[in-house]
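Containing PDB, C-alpha atoms and all ligand atoms: structure-v3.pdb.
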```
MODEL        1
ATOM      1  CA  MET A   1       0.000   0.000   0.000
ATOM      2  CA  THR A   2       1.224   3.500  -0.821
ATOM      3  CA  ASP A   3       1.702   5.843   2.129
ATOM      4  CA  PRO A   4      -0.324   8.960   1.287
ATOM      5  CA  ALA A   5       1.871  11.007   3.624
ATOM      6  CA  ALA A   6       5.008  10.367   1.564
ATOM      7  CA  PRO A   7       5.122  12.939  -1.247
ATOM      8  CA  ASP A   8       7.359  10.943  -3.568
ATOM      9  CA  ALA A   9       5.786   7.547  -2.979
ATOM     10  CA  LEU A  10       3.274   7.690  -5.808
ATOM     11  CA  PRO A  11       3.524   5.173  -8.664
ATOM     12  CA  ASP A  12       4.626   6.455 -12.087
ATOM     13  CA  THR A  13       1.851   4.902 -14.154
ATOM     14  CA  LEU A  14      -1.859   5.675 -14.289
ATOM     15  CA  THR A  15      -2.851   2.086 -13.553
ATOM     16  CA  GLY A  16      -0.369   2.094 -10.660
ATOM     17  CA  LEU A  17      -2.001   5.199  -9.220
ATOM     18  CA  ALA A  18      -5.432   3.609  -9.623
ATOM     19  CA  VAL A  19      -4.372   0.427  -7.858
ATOM     20  CA  ALA A  20      -2.802   2.426  -5.018
ATOM     21  CA  VAL A  21      -6.147   4.150  -4.415
ATOM     22  CA  LEU A  22      -8.161   0.939  -4.796
ATOM     23  CA  THR A  23      -6.004  -0.929  -2.279
ATOM     24  CA  THR A  24      -6.214   1.804   0.398
ATOM     25  CA  ALA A  25      -8.945   0.904   2.878
ATOM     26  CA  ASP A  26      -9.587   3.970   5.059
ATOM     27  CA  GLY A  27     -11.930   6.489   3.434
ATOM     28  CA  ARG A  28     -10.052   9.659   4.373
ATOM     29  CA  ALA A  29      -6.708   8.065   3.404
ATOM     30  CA  LYS A  30      -8.160   6.735   0.125
ATOM     31  CA  THR A  31      -9.523  10.144  -0.855
ATOM     32  CA  ALA A  32      -6.315  11.978   0.160
ATOM     33  CA  LEU A  33      -4.329   9.609  -2.029
ATOM     34  CA  SER A  34      -6.895   9.997  -4.814
ATOM     35  CA  HIS A  35      -6.447  13.797  -4.777
ATOM     36  CA  ARG A  36      -2.665  13.399  -4.968
ATOM     37  CA  ALA A  37      -2.906  10.823  -7.732
ATOM     38  CA  ALA A  38      -5.204  13.089  -9.758
ATOM     39  CA  ALA A  39      -2.795  16.011  -9.263
ATOM     40  CA  LYS A  40       0.093  13.863 -10.482
ATOM     41  CA  TRP A  41      -1.828  12.900 -13.640
ATOM     42  CA  ARG A  42      -2.797  16.526 -14.309
ATOM     43  CA  ALA A  43       0.781  17.713 -13.815
ATOM     44  CA  SER A  44       2.053  15.119 -16.271
ATOM     45  CA  ARG A  45      -0.517  16.236 -18.843
ATOM     46  CA  ALA A  46       0.269  19.919 -18.319
ATOM     47  CA  ALA A  47       3.956  19.185 -18.847
ATOM     48  CA  GLY A  48       3.179  17.397 -22.106
ATOM     49  CA  THR A  49       4.531  14.125 -20.722
ATOM     50  CA  PRO A  50       1.439  12.096 -19.753
ATOM     51  CA  LEU A  51       2.118   9.216 -17.414
ATOM     52  CA  PRO A  52       2.095   5.859 -19.198
ATOM     53  CA  LEU A  53      -0.879   3.615 -18.506
ATOM     54  CA  GLY A  54       1.267   0.767 -17.271
ATOM     55  CA  GLN A  55      -0.058  -2.684 -16.562
ATOM     56  CA  GLU A  56      -1.066  -2.821 -12.899
ATOM     57  CA  ALA A  57      -4.163  -4.995 -12.552
ATOM     58  CA  PRO A  58      -6.847  -3.669 -10.209
ATOM     59  CA  PRO A  59      -8.185  -5.929  -7.449
ATOM     60  CA  LEU A  60     -11.587  -7.494  -8.155
ATOM     61  CA  ARG A  61     -12.875  -5.628  -5.084
ATOM     62  CA  PRO A  62     -11.393  -2.458  -3.570
ATOM     63  CA  ALA A  63     -10.065  -2.362  -0.022
ATOM     64  CA  ARG A  64     -12.621  -0.992   2.419
ATOM     65  CA  PRO A  65     -12.491   0.014   6.090
ATOM     66  CA  GLU A  66     -13.583  -2.399   8.826
ATOM     67  CA  LYS A  67     -16.609  -0.205   9.473
ATOM     68  CA  PRO A  68     -19.327   0.309   8.313
ATOM     69  CA  ASP A  69     -20.840  -3.149   8.515
ATOM     70  CA  LEU A  70     -22.228  -4.150   5.150
ATOM     71  CA  LEU A  71     -25.743  -5.601   5.139
ATOM     72  CA  ALA A  72     -28.015  -7.024   2.454
ATOM     73  CA  PRO A  73     -30.139  -4.166   1.067
ATOM     74  CA  ARG A  74     -33.313  -5.515   2.703
ATOM     75  CA  ASP A  75     -31.613  -5.462   6.123
ATOM     76  CA  VAL A  76     -30.478  -1.821   5.974
ATOM     77  CA  PRO A  77     -32.846   0.146   8.233
ATOM     78  CA  ARG A  78     -35.207   2.459   6.340
ATOM     79  CA  ARG A  79     -34.236   6.090   6.394
ATOM     80  CA  ARG A  80     -36.791   8.608   7.647
ATOM     81  CA  PRO A  81     -35.354  12.032   6.915
ATOM     82  CA  GLY A  82     -37.863  13.896   9.126
ATOM     83  CA  SER A  83     -35.662  13.416  12.213
ATOM     84  CA  GLU A  84     -32.020  14.241  12.882
ATOM     85  CA  ALA A  85     -31.246  10.524  13.152
ATOM     86  CA  GLY A  86     -32.864  10.035   9.768
ATOM     87  CA  ARG A  87     -30.884  12.860   8.221
ATOM     88  CA  ILE A  88     -27.656  11.392   9.617
ATOM     89  CA  ALA A  89     -28.601   8.018   8.132
ATOM     90  CA  LEU A  90     -29.254   9.660   4.781
ATOM     91  CA  LEU A  91     -25.865  11.436   4.799
ATOM     92  CA  HIS A  92     -24.203   8.191   5.846
ATOM     93  CA  ALA A  93     -25.751   6.434   2.845
ATOM     94  CA  VAL A  94     -24.532   9.234   0.566
ATOM     95  CA  ALA A  95     -21.004   9.002   2.022
ATOM     96  CA  HIS A  96     -21.003   5.287   1.238
ATOM     97  CA  ILE A  97     -22.122   5.967  -2.334
ATOM     98  CA  GLU A  98     -19.380   8.584  -2.754
ATOM     99  CA  LEU A  99     -16.652   6.288  -1.421
ATOM    100  CA  ASN A 100     -17.831   3.591  -3.803
ATOM    101  CA  ALA A 101     -17.778   6.135  -6.632
ATOM    102  CA  VAL A 102     -14.121   7.004  -5.907
ATOM    103  CA  ASP A 103     -13.262   3.357  -6.426
ATOM    104  CA  LEU A 104     -15.539   2.953  -9.453
ATOM    105  CA  HIS A 105     -13.822   5.791 -11.275
ATOM    106  CA  TRP A 106     -10.273   4.635 -10.489
ATOM    107  CA  ASP A 107     -11.332   1.112 -11.439
ATOM    108  CA  ILE A 108     -12.470   2.213 -14.907
ATOM    109  CA  LEU A 109      -9.020   3.772 -15.429
ATOM    110  CA  ALA A 110      -7.207   0.520 -14.701
ATOM    111  CA  ARG A 111      -9.680  -2.189 -15.703
ATOM    112  CA  PHE A 112      -9.666  -1.929 -19.503
ATOM    113  CA  PRO A 113      -6.065  -1.284 -20.651
ATOM    114  CA  ASP A 114      -6.662  -3.416 -23.755
ATOM    115  CA  VAL A 115      -9.185  -0.899 -25.122
ATOM    116  CA  PRO A 116      -7.141   1.939 -26.641
ATOM    117  CA  MET A 117      -8.717   5.269 -25.704
ATOM    118  CA  PRO A 118      -7.812   8.912 -26.354
ATOM    119  CA  LEU A 119      -6.058  10.702 -23.486
ATOM    120  CA  GLY A 120      -9.234  12.714 -22.869
ATOM    121  CA  PHE A 121     -10.914   9.544 -21.599
ATOM    122  CA  TYR A 122      -8.343   9.322 -18.804
ATOM    123  CA  ASP A 123      -8.538  13.054 -18.109
ATOM    124  CA  ASP A 124     -12.291  12.785 -17.624
ATOM    125  CA  TRP A 125     -12.263   9.835 -15.251
ATOM    126  CA  VAL A 126      -9.349  11.179 -13.228
ATOM    127  CA  LYS A 127     -11.343  14.400 -12.805
ATOM    128  CA  ALA A 128     -14.453  12.421 -11.824
ATOM    129  CA  ALA A 129     -12.478  10.368  -9.286
ATOM    130  CA  ASP A 130     -10.958  13.551  -7.859
ATOM    131  CA  GLU A 131     -14.433  15.085  -7.495
ATOM    132  CA  GLU A 132     -15.862  11.945  -5.861
ATOM    133  CA  SER A 133     -13.043  12.166  -3.327
ATOM    134  CA  LYS A 134     -14.097  15.724  -2.520
ATOM    135  CA  HIS A 135     -17.742  14.595  -2.282
ATOM    136  CA  PHE A 136     -16.883  11.876   0.243
ATOM    137  CA  ASN A 137     -14.990  14.339   2.408
ATOM    138  CA  LEU A 138     -17.723  16.994   2.217
ATOM    139  CA  VAL A 139     -20.344  14.491   3.332
ATOM    140  CA  CYS A 140     -18.076  13.111   6.073
ATOM    141  CA  ASP A 141     -17.568  16.673   7.313
ATOM    142  CA  CYS A 142     -21.383  17.059   7.501
ATOM    143  CA  LEU A 143     -21.712  13.775   9.415
ATOM    144  CA  GLU A 144     -19.007  14.830  11.873
ATOM    145  CA  ALA A 145     -20.639  18.251  12.377
ATOM    146  CA  LEU A 146     -23.788  16.340  13.381
ATOM    147  CA  GLY A 147     -21.842  14.218  15.868
ATOM    148  CA  SER A 148     -21.606  11.092  13.704
ATOM    149  CA  HIS A 149     -19.023   9.723  11.239
ATOM    150  CA  TYR A 150     -18.700   7.407   8.263
ATOM    151  CA  GLY A 151     -18.689   3.884   9.669
ATOM    152  CA  ALA A 152     -21.117   4.631  12.506
ATOM    153  CA  LEU A 153     -24.078   2.928  10.783
ATOM    154  CA  PRO A 154     -24.506  -0.273   8.787
ATOM    155  CA  THR A 155     -24.846   0.194   5.061
ATOM    156  CA  HIS A 156     -25.619  -1.397   1.726
ATOM    157  CA  ALA A 157     -23.457  -4.368   0.682
ATOM    158  CA  GLY A 158     -24.394  -4.448  -2.995
ATOM    159  CA  MET A 159     -22.559  -1.353  -4.213
ATOM    160  CA  TRP A 160     -19.710  -3.081  -6.016
ATOM    161  CA  ARG A 161     -21.954  -5.462  -7.914
ATOM    162  CA  ALA A 162     -22.217  -3.129 -10.921
ATOM    163  CA  ALA A 163     -18.440  -3.202 -11.248
ATOM    164  CA  GLU A 164     -18.227  -6.979 -10.963
ATOM    165  CA  ASP A 165     -21.038  -7.447 -13.480
ATOM    166  CA  THR A 166     -19.209  -5.331 -16.073
ATOM    167  CA  VAL A 167     -15.653  -6.354 -15.321
ATOM    168  CA  ASP A 168     -14.807  -7.369 -18.884
ATOM    169  CA  ASP A 169     -16.887  -4.950 -20.957
ATOM    170  CA  LEU A 170     -16.084  -1.220 -21.099
ATOM    171  CA  PRO A 171     -19.274  -0.160 -22.942
ATOM    172  CA  ALA A 172     -21.323  -2.099 -20.375
ATOM    173  CA  ARG A 173     -19.445  -0.411 -17.513
ATOM    174  CA  LEU A 174     -20.166   3.020 -19.015
ATOM    175  CA  ALA A 175     -23.826   2.144 -19.581
ATOM    176  CA  VAL A 176     -24.431   0.795 -16.065
ATOM    177  CA  VAL A 177     -22.294   3.056 -13.870
ATOM    178  CA  PRO A 178     -22.426   6.639 -15.158
ATOM    179  CA  MET A 179     -25.429   6.368 -17.483
ATOM    180  CA  VAL A 180     -27.743   4.478 -15.081
ATOM    181  CA  LEU A 181     -26.447   4.680 -11.502
ATOM    182  CA  GLU A 182     -24.977   8.186 -11.558
ATOM    183  CA  ALA A 183     -27.936   9.429 -13.640
ATOM    184  CA  ARG A 184     -30.174   8.097 -10.844
ATOM    185  CA  GLY A 185     -28.248  10.392  -8.528
ATOM    186  CA  LEU A 186     -29.375  13.355 -10.651
ATOM    187  CA  ASP A 187     -32.989  12.209 -10.160
ATOM    188  CA  VAL A 188     -32.867  11.936  -6.361
ATOM    189  CA  THR A 189     -30.486  14.698  -5.277
ATOM    190  CA  PRO A 190     -32.953  17.632  -5.581
ATOM    191  CA  GLY A 191     -35.254  15.858  -3.106
ATOM    192  CA  MET A 192     -32.362  15.390  -0.683
ATOM    193  CA  ILE A 193     -31.356  19.040  -0.981
ATOM    194  CA  ALA A 194     -34.955  20.043  -0.192
ATOM    195  CA  THR A 195     -34.937  17.792   2.885
ATOM    196  CA  PHE A 196     -31.808  19.407   4.332
ATOM    197  CA  ARG A 197     -32.896  22.903   3.366
ATOM    198  CA  LYS A 198     -36.186  22.383   5.203
ATOM    199  CA  ALA A 199     -34.265  21.240   8.271
ATOM    200  CA  GLY A 200     -31.905  24.242   8.080
ATOM    201  CA  VAL A 201     -28.787  22.082   7.672
ATOM    202  CA  THR A 202     -26.940  24.473   5.376
ATOM    203  CA  GLN A 203     -23.649  22.585   5.406
ATOM    204  CA  ALA A 204     -25.406  19.555   3.922
ATOM    205  CA  VAL A 205     -27.309  21.729   1.422
ATOM    206  CA  ASP A 206     -23.996  23.205   0.224
ATOM    207  CA  ALA A 207     -22.337  19.781  -0.015
ATOM    208  CA  LEU A 208     -25.247  18.301  -1.950
ATOM    209  CA  GLU A 209     -25.404  21.322  -4.300
ATOM    210  CA  THR A 210     -21.730  20.748  -5.150
ATOM    211  CA  ILE A 211     -22.327  17.044  -5.691
ATOM    212  CA  TYR A 212     -25.393  17.712  -7.850
ATOM    213  CA  ALA A 213     -23.536  20.159 -10.112
ATOM    214  CA  GLU A 214     -20.506  17.900 -10.585
ATOM    215  CA  GLU A 215     -22.420  14.656 -11.105
ATOM    216  CA  VAL A 216     -23.900  16.051 -14.326
ATOM    217  CA  GLY A 217     -20.341  15.981 -15.653
ATOM    218  CA  HIS A 218     -19.839  12.349 -14.676
ATOM    219  CA  VAL A 219     -22.986  11.240 -16.491
ATOM    220  CA  ALA A 220     -21.845  13.331 -19.469
ATOM    221  CA  TYR A 221     -18.450  11.582 -19.515
ATOM    222  CA  GLY A 222     -20.257   8.249 -19.543
ATOM    223  CA  SER A 223     -22.516   9.271 -22.388
ATOM    224  CA  LYS A 224     -19.649  10.814 -24.364
ATOM    225  CA  TRP A 225     -17.356   7.781 -24.210
ATOM    226  CA  PHE A 226     -20.206   5.312 -24.672
ATOM    227  CA  ASN A 227     -21.177   7.099 -27.880
ATOM    228  CA  PHE A 228     -17.524   7.234 -28.902
ATOM    229  CA  LEU A 229     -17.143   3.456 -28.572
ATOM    230  CA  CYS A 230     -20.396   2.820 -30.420
ATOM    231  CA  GLY A 231     -19.176   5.082 -33.205
ATOM    232  CA  ARG A 232     -15.877   3.240 -33.361
ATOM    233  CA  HIS A 233     -17.773  -0.006 -33.965
ATOM    234  CA  ASP A 234     -20.525   1.521 -36.134
ATOM    235  CA  THR A 235     -23.170   0.456 -33.598
ATOM    236  CA  ASP A 236     -26.429   2.312 -32.858
ATOM    237  CA  PRO A 237     -25.866   3.785 -29.339
ATOM    238  CA  LYS A 238     -29.503   3.572 -28.216
ATOM    239  CA  ASP A 239     -29.918  -0.068 -29.232
ATOM    240  CA  ALA A 240     -26.551  -0.948 -27.692
ATOM    241  CA  PHE A 241     -27.465   0.824 -24.445
ATOM    242  CA  HIS A 242     -30.780  -1.015 -24.143
ATOM    243  CA  ALA A 243     -29.159  -4.391 -24.827
ATOM    244  CA  LEU A 244     -26.344  -3.813 -22.308
ATOM    245  CA  ILE A 245     -28.630  -2.554 -19.543
ATOM    246  CA  ARG A 246     -31.029  -5.465 -20.005
ATOM    247  CA  LYS A 247     -28.093  -7.856 -19.808
ATOM    248  CA  HIS A 248     -26.079  -6.306 -16.972
ATOM    249  CA  PHE A 249     -28.431  -4.227 -14.799
ATOM    250  CA  HIS A 250     -30.781  -5.925 -12.392
ATOM    251  CA  GLY A 251     -34.208  -4.320 -12.374
ATOM    252  CA  ALA A 252     -36.020  -1.528 -14.179
ATOM    253  CA  LEU A 253     -35.204   2.186 -14.048
ATOM    254  CA  LYS A 254     -37.408   4.223 -11.704
ATOM    255  CA  PRO A 255     -39.205   7.392 -12.789
ATOM    256  CA  PRO A 256     -39.587  10.258 -12.179
ATOM    257  CA  PHE A 257     -36.456  11.123 -14.130
ATOM    258  CA  ASN A 258     -34.675  14.457 -13.972
ATOM    259  CA  GLU A 259     -35.035  14.945 -17.700
ATOM    260  CA  GLU A 260     -33.477  18.407 -17.697
ATOM    261  CA  LYS A 261     -30.215  17.357 -16.029
ATOM    262  CA  ARG A 262     -30.141  14.098 -17.978
ATOM    263  CA  ALA A 263     -30.362  16.198 -21.159
ATOM    264  CA  ASP A 264     -27.501  18.392 -19.882
ATOM    265  CA  ALA A 265     -25.503  15.172 -19.532
ATOM    266  CA  GLY A 266     -26.249  14.010 -23.083
ATOM    267  CA  LEU A 267     -28.767  11.356 -22.071
ATOM    268  CA  PRO A 268     -31.907  11.618 -24.243
ATOM    269  CA  PRO A 269     -35.334  10.291 -23.162
ATOM    270  CA  ASP A 270     -35.365   7.446 -25.686
ATOM    271  CA  PHE A 271     -32.363   5.929 -23.880
ATOM    272  CA  TYR A 272     -34.000   5.559 -20.466
ATOM    273  CA  TRP A 273     -37.789   5.591 -20.876
ATOM    274  CA  PRO A 274     -37.959   2.198 -22.651
ATOM    275  CA  LEU A 275     -36.179   0.708 -19.601
ATOM    276  CA  ALA A 276     -38.509   2.316 -17.029
ATOM    277  CA  ASP A 277     -40.643   0.289 -14.642
ATOM    278  CA  GLY A 278     -43.949   1.526 -16.053
ATOM    279  CA  THR A 279     -44.858   3.836 -13.149
ATOM    280  CA  GLY A 280     -44.433   7.116 -15.055
ATOM    281  CA  THR A 281     -45.004   8.620 -18.454
ATOM    282  CA  ARG A 282     -42.712  10.486 -20.804
ATOM    283  CA  GLU A 283     -45.016  13.496 -20.701
ATOM    284  CA  GLU A 284     -44.563  14.261 -17.000
ATOM    285  CA  SER A 285     -42.968  17.493 -15.811
ATOM    286  CA  PRO A 286     -39.453  17.670 -17.230
ATOM    287  CA  THR A 287     -37.948  18.612 -13.896
ATOM    288  CA  GLY A 288     -39.742  15.761 -12.130
ATOM    289  CA  LYS A 289     -40.918  16.011  -8.568
ATOM    290  CA  PRO A 290     -38.731  15.483  -5.501
ATOM    291  CA  VAL A 291     -38.239  11.770  -5.052
ATOM    292  CA  SER A 292     -37.231   9.642  -2.127
ATOM    293  CA  VAL A 293     -33.824   7.942  -2.068
ATOM    294  CA  GLU A 294     -35.160   4.705  -0.611
ATOM    295  CA  ASN A 295     -34.480   2.858  -3.834
ATOM    296  CA  SER A 296     -31.388   4.666  -4.986
TER     297      SER A 296
HETATM  298 FE    FE A 301     -20.227  11.991  -6.234
HETATM  299 FE    FE A 302     -20.106  10.712  -9.840
ENDMDL
END
```
Do you think you could lay out the structure here as structure tokens?
Amino acid sequence: MTDPAAPDALPDTLTGLAVAVLTTADGRAKTALSHRAAAKWRASRAAGTPLPLGQEAPPLRPARPEKPDLLAPRDVPRRRPGSEAGRIALLHAVAHIELNAVDLHWDILARFPDVPMPLGFYDDWVKAADEESKHFNLVCDCLEALGSHYGALPTHAGMWRAAEDTVDDLPARLAVVPMVLEARGLDVTPGMIATFRKAGVTQAVDALETIYAEEVGHVAYGSKWFNFLCGRHDTDPKDAFHALIRKHFHGALKPPFNEEKRADAGLPPDFYWPLADGTGTREESPTGKPVSVENS
């Protein structure tokens, strides 16, 4: 494991940096290392000498701290955001999602070295991983201000399944992770912001506003590189997306969708509506209504 406190200890390849982050267990240490790794990549690009990809293989599962306990989704207590305990539980769930996202983005950088991609692909996912690291820390700061911390509550065990299910297919990874899971974040975050605003928790409102703004970019990176790969193989992107989601994603997509932010991210309605669970219609309000995060 790389010591994040040692300034010259970072690996000299992009896959090496990714593996160093993935094999660091503690959340604050993982995100500190992630920020330093992203800075090293950016510096190499600015100098005109991009780090080589290298050949470090990522672990099948990233290292994670001893706490929180991971439970089957049905065993995670329901979150009721009307109370302070409920709001802490909600932030704890978001922190877990953000930590998982740090690993998901470093994993995509190291998992598919056999697919030649333009340097911009790596720039985008390094930036996304760097932002996820900030998101984790912002949400942890909110938890600590409320007298809790990441690891204090049990959480969802299934978060890495999307990565395992798409471990050998880059288009499938892009379809499932940014274009379905992170797009779902765009749907549910306005409702969370409203919850914390109503409770007067401005630190959480500010953190979630930052997350909301930056997640549009992550969905856009997914859509951009998915379309790029489809174009490389002369495949229809919409048909390919539907086939990959039906094969690799378990369950239907849940309206209401945040159609405005999805459009900002390059995700048109004919990509996601045909995969919806039948509880909404395409004609509903484009901004959607605030939705609960119970099923996110
Ligand atoms: Fe995030
Ligand atoms: Fe993200």
Quiz item: Which protein, DNA or RNA residues are at most 8 Å from (-21.1, 5.2, 8.6) in the file's coordinates when you count all atoms listed in the file, listed as a list of chain:residue names?
Solution: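 The distance filter leaves exactly A:Lys67, A:Pro68, A:His92, A:Ala93, A:Ala95, A:His96, A:Ser148, A:His149, A:Tyr150, A:Gly151, A:Ala152, A:Leu153, A:Pro154, A:Thr155.
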key: Residues selected by the PyMOL selection byres (((not hetatm)) within 6 of (chain A and resi 302)), written as a list in words   =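 Applied to this file, the PyMOL selection byres (((not hetatm)) within 6 of (chain A and resi 302)) returns Glu132, Glu182, Glu215 and His218 of chain A.
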Legend entry - Close residues to ligand FE 301 (chain A) using all atoms listed in the file, limit 7 Å, as a ChimeraX atom specification: /A:98,101,131-132,135,211,215
Sorted by chain and rising residue number, list the residues of segment 242-269 of chain A at most 12 Å from segment 183-186 of chain A (counting all atoms listed in the file), each with its closest atom pair and distance in Å to one decimal, as a tab-separated table.
```
residue	atom	partner	partner_atom	distance
A:Ala252	CA	A:Arg184	CA	11.7
A:Leu253	CA	A:Arg184	CA	8.4
A:Lys254	CA	A:Arg184	CA	8.3
A:Pro255	CA	A:Arg184	CA	9.3
A:Pro256	CA	A:Arg184	CA	9.7
A:Phe257	CA	A:Arg184	CA	7.7
A:Asn258	CA	A:Leu186	CA	6.4
A:Glu259	CA	A:Leu186	CA	9.2
A:Glu260	CA	A:Leu186	CA	9.6
A:Lys261	CA	A:Leu186	CA	6.8
A:Arg262	CA	A:Ala183	CA	6.7
A:Ala263	CA	A:Ala183	CA	10.4
A:Asp264	CA	A:Leu186	CA	10.7
A:Ala265	CA	A:Ala183	CA	8.6
A:Gly266	CA	A:Ala183	CA	10.6
A:Leu267	CA	A:Ala183	CA	8.7
A:Pro268	CA	A:Ala183	CA	11.5
```
Residues within 10 Å of (-23.8, 0.9, -4.5), file coordinates, counting only C-alpha atoms: what are they? Give the list as an mmCIF file with C-alpha atoms, keeping the file's coordinate frame.
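Final file, part.cif:
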```cif
data_model
loop_
_atom_site.group_PDB
_atom_site.id
_atom_site.type_symbol
_atom_site.label_atom_id
_atom_site.label_comp_id
_atom_site.auth_asym_id
_atom_site.auth_seq_id
_atom_site.Cartn_x
_atom_site.Cartn_y
_atom_site.Cartn_z
ATOM 1 C CA PRO A 73 -30.139 -4.166 1.067
ATOM 2 C CA ALA A 93 -25.751 6.434 2.845
ATOM 3 C CA VAL A 94 -24.532 9.234 0.566
ATOM 4 C CA HIS A 96 -21.003 5.287 1.238
ATOM 5 C CA ILE A 97 -22.122 5.967 -2.334
ATOM 6 C CA GLU A 98 -19.380 8.584 -2.754
ATOM 7 C CA LEU A 99 -16.652 6.288 -1.421
ATOM 8 C CA ASN A 100 -17.831 3.591 -3.803
ATOM 9 C CA ALA A 101 -17.778 6.135 -6.632
ATOM 10 C CA LEU A 104 -15.539 2.953 -9.453
ATOM 11 C CA THR A 155 -24.846 0.194 5.061
ATOM 12 C CA HIS A 156 -25.619 -1.397 1.726
ATOM 13 C CA ALA A 157 -23.457 -4.368 0.682
ATOM 14 C CA GLY A 158 -24.394 -4.448 -2.995
ATOM 15 C CA MET A 159 -22.559 -1.353 -4.213
ATOM 16 C CA TRP A 160 -19.710 -3.081 -6.016
ATOM 17 C CA ARG A 161 -21.954 -5.462 -7.914
ATOM 18 C CA ALA A 162 -22.217 -3.129 -10.921
ATOM 19 C CA ALA A 163 -18.440 -3.202 -11.248
ATOM 20 C CA VAL A 177 -22.294 3.056 -13.870
ATOM 21 C CA LEU A 181 -26.447 4.680 -11.502
ATOM 22 C CA SER A 296 -31.388 4.666 -4.986
#
```
Evaluate the PyMOL selection byres (((chain A and resi 189-194) around 10) and not hetatm) on the structure here and hand back the selected residues as a VMD selection string. chain A and resid 81 87 90 to 91 94 184 to 188 195 to 202 204 to 209 211 to 212 215 258 287 to 293
Of A:Ala25, A:Tyr122, A:Val167, A:Leu146, the one nearest to Arg45 of chain A when counting only C-alpha atoms is A:Tyr122
Here atom CA of Thr15 of chain A and atom CA of Ile108 of chain A stand apart by 9.7 Å
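Atom to atom, atom CA of Asp123 of chain A and atom CA of Arg42 of chain A stand 7.7 Å apart.
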Enclose all atoms of segment 46-56 of chain A listed in the file in an axis-aligned box, grow every side by 4 Å, and hand back centre and edge lengths in Å to one decimal, as AutoDock Vina command-line options.
```
--center_x 1.7 --center_y 8.5 --center_z -17.5 --size_x 13.6 --size_y 30.7 --size_z 17.2
```
(request) For each of A:Val76, A:Val126, A:Cys140, A:Ile88, take the minimum atom-to-atom distance to Ala37 of chain A, counting all atoms listed in the file, then give the residue where this is smallest. (result)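 Closest to Ala37 of chain A of all the choices is A:Val126.
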Quiz prompt | Long-range neighbours of Ser34 of chain A as number ranges by chain, 9 Å cut-off, all atoms listed in the file, 2 positions minimum in chain | solution = A: 17-18, 20-21, 29-32, 36-39, 102, 106, 126, 129-130, 133
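Between atom CA of Asp168 of chain A and atom CA of Arg111 of chain A the interatomic distance comes to 8.0 Å.
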| query | Counting all atoms listed in the file, which of A:Val180, A:Leu229, A:Leu174, A:Leu244 gets nearest to Trp273 of chain A? | reply |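 Counting all atoms listed in the file, the residue closest to Trp273 of chain A is A:Val180.
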Item checked: Chain and number of each residue from the PyMOL selection byres (((chain A and resi 50-56) around 8) and not hetatm), as a PyMOL selection string -> chain A and resi 12-16+19+41+44-45+47-49+57-58+110+113
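Of the listed residues (A:Trp125, A:Phe112, A:Phe136, A:Tyr272), A:Tyr272 comes nearest to Arg246 of chain A; the distances count only C-alpha atoms.
Take the candidates A:Pro269, A:Gly86, A:Gly222, A:Pro118 and check each one against Arg282 of chain A using all atoms listed in the file; the shortest distance goes to A:Pro269.
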- Task: Select, from A:Gly147, A:Gly217, A:Pro59, A:Pro178, the residue with the minimum atom-to-atom distance to Glu84 of chain A, counting only C-alpha atoms.
- Result: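 With only C-alpha atoms as the atom set, the closest residue is A:Gly147.
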